[in-house]
$ cat entry31.pdb   # PDB, C-alpha atoms and all ligand atoms
ATOM      1  CA  MET U   1       5.835   4.129   6.629
ATOM      2  CA  LYS U   2       4.999   7.686   7.560
ATOM      3  CA  PHE U   3       4.663  10.741   5.354
ATOM      4  CA  MET U   4       3.373  14.285   5.490
ATOM      5  CA  CYS U   5       0.436  15.358   3.400
ATOM      6  CA  GLU U   6       0.617  18.716   1.633
ATOM      7  CA  CYS U   7      -1.918  19.997   4.224
ATOM      8  CA  GLY U   8       0.548  19.289   7.044
ATOM      9  CA  SER U   9      -1.178  16.187   8.401
ATOM     10  CA  VAL U  10       1.083  13.230   9.109
ATOM     11  CA  ILE U  11      -0.161   9.956   7.641
ATOM     12  CA  VAL U  12       1.100   6.910   9.502
ATOM     13  CA  ASP U  13       1.068   3.388   8.087
ATOM     14  CA  GLN U  14       2.445   1.149  10.809
ATOM     15  CA  THR U  15      -0.456  -1.187  11.498
ATOM     16  CA  ASP U  16      -3.226  -3.126   9.764
ATOM     17  CA  GLY U  17      -6.852  -2.207   9.253
ATOM     18  CA  LEU U  18      -6.258   1.478   8.519
ATOM     19  CA  PRO U  19      -9.471   3.264   7.437
ATOM     20  CA  TYR U  20      -7.492   5.644   5.179
ATOM     21  CA  ARG U  21      -5.479   3.017   3.271
ATOM     22  CA  ALA U  22      -6.586   0.809   0.402
ATOM     23  CA  TYR U  23      -4.997  -1.314  -2.297
ATOM     24  CA  LEU U  24      -4.933  -0.580  -5.972
ATOM     25  CA  LEU U  25      -5.051  -3.386  -8.509
ATOM     26  CA  PRO U  26      -4.895  -2.182 -12.110
ATOM     27  CA  ASP U  27      -7.623  -3.635 -14.298
ATOM     28  CA  GLN U  28      -4.874  -4.777 -16.683
ATOM     29  CA  ASP U  29      -3.523  -6.966 -13.858
ATOM     30  CA  ALA U  30      -6.786  -8.321 -12.468
ATOM     31  CA  PHE U  31      -7.023 -11.508 -14.530
ATOM     32  CA  ALA U  32      -3.280 -12.103 -14.265
ATOM     33  CA  PHE U  33      -3.666 -11.900 -10.482
ATOM     34  CA  LEU U  34      -6.470 -14.466 -10.525
ATOM     35  CA  ASP U  35      -4.532 -16.696 -12.943
ATOM     36  CA  ARG U  36      -1.459 -16.591 -10.703
ATOM     37  CA  LEU U  37      -3.603 -17.395  -7.679
ATOM     38  CA  ARG U  38      -5.169 -20.336  -9.543
ATOM     39  CA  THR U  39      -1.708 -21.572 -10.599
ATOM     40  CA  LEU U  40      -0.504 -21.240  -7.029
ATOM     41  CA  LEU U  41      -3.449 -23.252  -5.731
ATOM     42  CA  ASP U  42      -3.025 -25.893  -8.457
ATOM     43  CA  GLY U  43       0.596 -26.290  -7.402
ATOM     44  CA  LEU U  44      -0.364 -26.937  -3.807
ATOM     45  CA  VAL U  45      -3.325 -29.181  -4.378
ATOM     46  CA  SER U  46      -2.812 -32.699  -5.632
ATOM     47  CA  PRO U  47      -5.218 -35.482  -6.518
ATOM     48  CA  ASP U  48      -5.641 -37.983  -3.728
ATOM     49  CA  GLU U  49      -6.217 -41.365  -5.327
ATOM     50  CA  GLY U  50      -7.591 -42.739  -2.090
ATOM     51  CA  ARG U  51     -10.485 -40.329  -2.289
ATOM     52  CA  LYS U  52     -11.571 -41.202  -5.790
ATOM     53  CA  GLY U  53      -9.389 -38.567  -7.427
ATOM     54  CA  LYS U  54     -10.764 -35.609  -5.494
ATOM     55  CA  ALA U  55      -8.182 -32.915  -4.976
ATOM     56  CA  THR U  56      -7.209 -32.326  -1.379
ATOM     57  CA  VAL U  57      -4.831 -29.839   0.149
ATOM     58  CA  GLN U  58      -2.078 -31.573   2.055
ATOM     59  CA  ALA U  59      -1.812 -30.541   5.723
ATOM     60  CA  MET U  60      -0.089 -27.704   7.569
ATOM     61  CA  PRO U  61       3.259 -27.281   5.741
ATOM     62  CA  LEU U  62       1.346 -26.617   2.544
ATOM     63  CA  ARG U  63      -1.047 -24.335   4.340
ATOM     64  CA  ASN U  64       1.904 -22.302   5.575
ATOM     65  CA  LYS U  65       3.463 -22.254   2.124
ATOM     66  CA  LEU U  66       0.149 -21.173   0.624
ATOM     67  CA  GLN U  67      -0.125 -18.326   3.123
ATOM     68  CA  ARG U  68       3.421 -17.193   2.322
ATOM     69  CA  GLU U  69       2.871 -17.355  -1.437
ATOM     70  CA  VAL U  70      -0.478 -15.526  -1.297
ATOM     71  CA  ASN U  71       1.153 -12.792   0.788
ATOM     72  CA  ARG U  72       3.954 -12.498  -1.798
ATOM     73  CA  LEU U  73       1.473 -12.424  -4.683
ATOM     74  CA  TRP U  74      -0.552  -9.746  -2.875
ATOM     75  CA  ALA U  75       2.527  -7.590  -2.260
ATOM     76  CA  GLU U  76       3.632  -7.873  -5.892
ATOM     77  CA  SER U  77       0.188  -7.172  -7.335
ATOM     78  CA  PHE U  78      -1.278  -4.345  -5.296
ATOM     79  CA  ARG U  79      -0.059  -0.803  -4.793
ATOM     80  CA  ASP U  80      -1.043   1.446  -1.884
ATOM     81  CA  VAL U  81      -3.521   4.291  -1.895
ATOM     82  CA  TYR U  82      -3.999   6.599   1.096
ATOM     83  CA  GLN U  83      -6.569   9.293   1.750
ATOM     84  CA  CYS U  84      -5.657  12.108   4.107
ATOM     85  CA  PRO U  85      -8.346  12.161   6.805
ATOM     86  CA  GLU U  86      -7.873  15.937   7.174
ATOM     87  CA  CYS U  87      -8.010  17.289   3.619
ATOM     88  CA  GLY U  88      -9.219  14.266   1.616
ATOM     89  CA  ARG U  89      -6.243  14.148  -0.742
ATOM     90  CA  LEU U  90      -5.572  10.788  -2.329
ATOM     91  CA  HIS U  91      -1.963   9.629  -2.352
ATOM     92  CA  VAL U  92      -1.389   6.906  -4.949
ATOM     93  CA  GLU U  93       1.772   4.823  -5.024
ATOM     94  CA  SER U  94       3.645   5.120  -8.326
ATOM     95  CA  LEU U  95       4.281   2.185 -10.665
ATOM     96  CA  ASP U  96       7.856   1.847  -9.400
ATOM     97  CA  ARG U  97       6.600   2.236  -5.796
ATOM     98  CA  GLN U  98       9.184   4.928  -5.169
ATOM     99  CA  ARG U  99       6.843   7.864  -4.625
ATOM    100  CA  LEU U 100       3.267   8.930  -4.005
ATOM    101  CA  ALA U 101       1.251  11.069  -6.414
ATOM    102  CA  SER U 102      -1.314  13.224  -4.639
ATOM    103  CA  PHE U 103      -4.735  14.356  -5.852
ATOM    104  CA  LEU U 104      -6.851  16.975  -4.127
ATOM    105  CA  PRO U 105     -10.652  16.504  -4.404
ATOM    106  CA  GLU U 106     -12.379  19.152  -6.522
ATOM    107  CA  ASP U 107     -15.395  19.413  -4.221
ATOM    108  CA  GLU U 108     -15.148  20.338  -0.551
ATOM    109  CA  ASP U 109     -17.913  17.886   0.317
ATOM    110  CA  THR U 110     -16.017  14.902  -1.070
ATOM    111  CA  PRO U 111     -16.045  12.265   1.682
ATOM    112  CA  LYS U 112     -12.722  11.831   3.484
ATOM    113  CA  THR U 113     -13.611   8.221   4.134
ATOM    114  CA  LEU U 114     -13.507   6.908   0.558
ATOM    115  CA  LEU U 115     -11.050   4.134   1.407
ATOM    116  CA  GLN U 116     -12.921   2.777   4.417
ATOM    117  CA  SER U 117     -14.462  -0.639   4.323
ATOM    118  CA  ALA U 118     -18.066  -0.525   3.115
ATOM    119  CA  ALA U 119     -18.739  -2.724   6.131
ATOM    120  CA  SER U 120     -17.428  -0.035   8.524
ATOM    121  CA  PRO U 121     -19.975   1.273  11.043
ATOM    122  CA  GLU U 122     -19.335   4.907  10.003
TER
HETATM  123 ZN    ZN V   1      -4.029  16.318   3.889
END
$ encode --input "entry31.pdb" --output "structure tokens"
Amino acid sequence: MKFMCECGSVIVDQTDGLPYRAYLLPDQDAFAFLDRLRTLLDGLVSPDEGRKGKATVQAMPLRNKLQREVNRLWAESFRDVYQCPECGRLHVESLDRQRLASFLPEDEDTPKTLLQSAASPE
């Protein structure tokens, strides 16, 4: 994905780990997300009678299925948010994911790094 900010800067989303991209999870969906993740895990974990009823995840095929299902759940649950590194505008993906709504910061000193990881060195 690539789009032009109103300031003329081109925002490119073609790789992972972007410092100007984040994910939006509505509060109304937060517990549903966790419930779906729990249901997903419950479906992949089964009691192992040989280990005194302790639940154990069954080997690699299930690990791969889990990875696939978590990726799907993530994609369905989160929408994208971008911040233009030049002007600081936020671009929020709409509910139908068909467009971006942009918001210009009111203050000029608003950080243009709001979507970076808190663990980032800068
Ligand atoms: Zn911009």
$ resolve_selection --input "entry31.pdb" --expression "the PyMOL selection byres (((chain U and resi 105) around 9) and not hetatm)" --output "ChimeraX atom specification"
/U:87-90,103-104,106-110
$ residues_around --input "entry31.pdb" --residues "Ser94 of chain U" --least-positions-apart "3" --cutoff "10 Å" --atoms "all atoms listed in the file" --output "list in words"
Arg79, Asp80, Val81, His91, Arg97, Gln98, Arg99, Leu100 and Ala101 of chain U
$ resolve_selection --input "entry31.pdb" --expression "the PyMOL selection byres (((chain U and resi 34-39) around 12) and not hetatm)" --output "ChimeraX atom specification"
/U:25,27-33,40-45,66-67,69-74,76-77
$ residues_near_ligand --input "entry31.pdb" --ligand "ligand ZN 1 (chain V)" --cutoff "8 Å" --atoms "all atoms listed in the file" --output "ChimeraX atom specification"
/U:4-10,83-89
$ atom_distance --input "entry31.pdb" --atom1 "atom CA of Leu115 of chain U" --atom2 "atom CA of Ala75 of chain U"
18.3 Å
$ closest_residue --input "entry31.pdb" --among "U:Lys2, U:Leu62, U:Asp96, U:Tyr82" --to "Leu114 of chain U" --atoms "only C-alpha atoms"
U:Tyr82
$ atom_distance --input "entry31.pdb" --atom1 "atom CA of Thr15 of chain U" --atom2 "atom CA of Pro61 of chain U"
27.0 Å
$ atom_distance --input "entry31.pdb" --atom1 "atom CA of Arg63 of chain U" --atom2 "atom CA of Asp16 of chain U"
22.0 Å
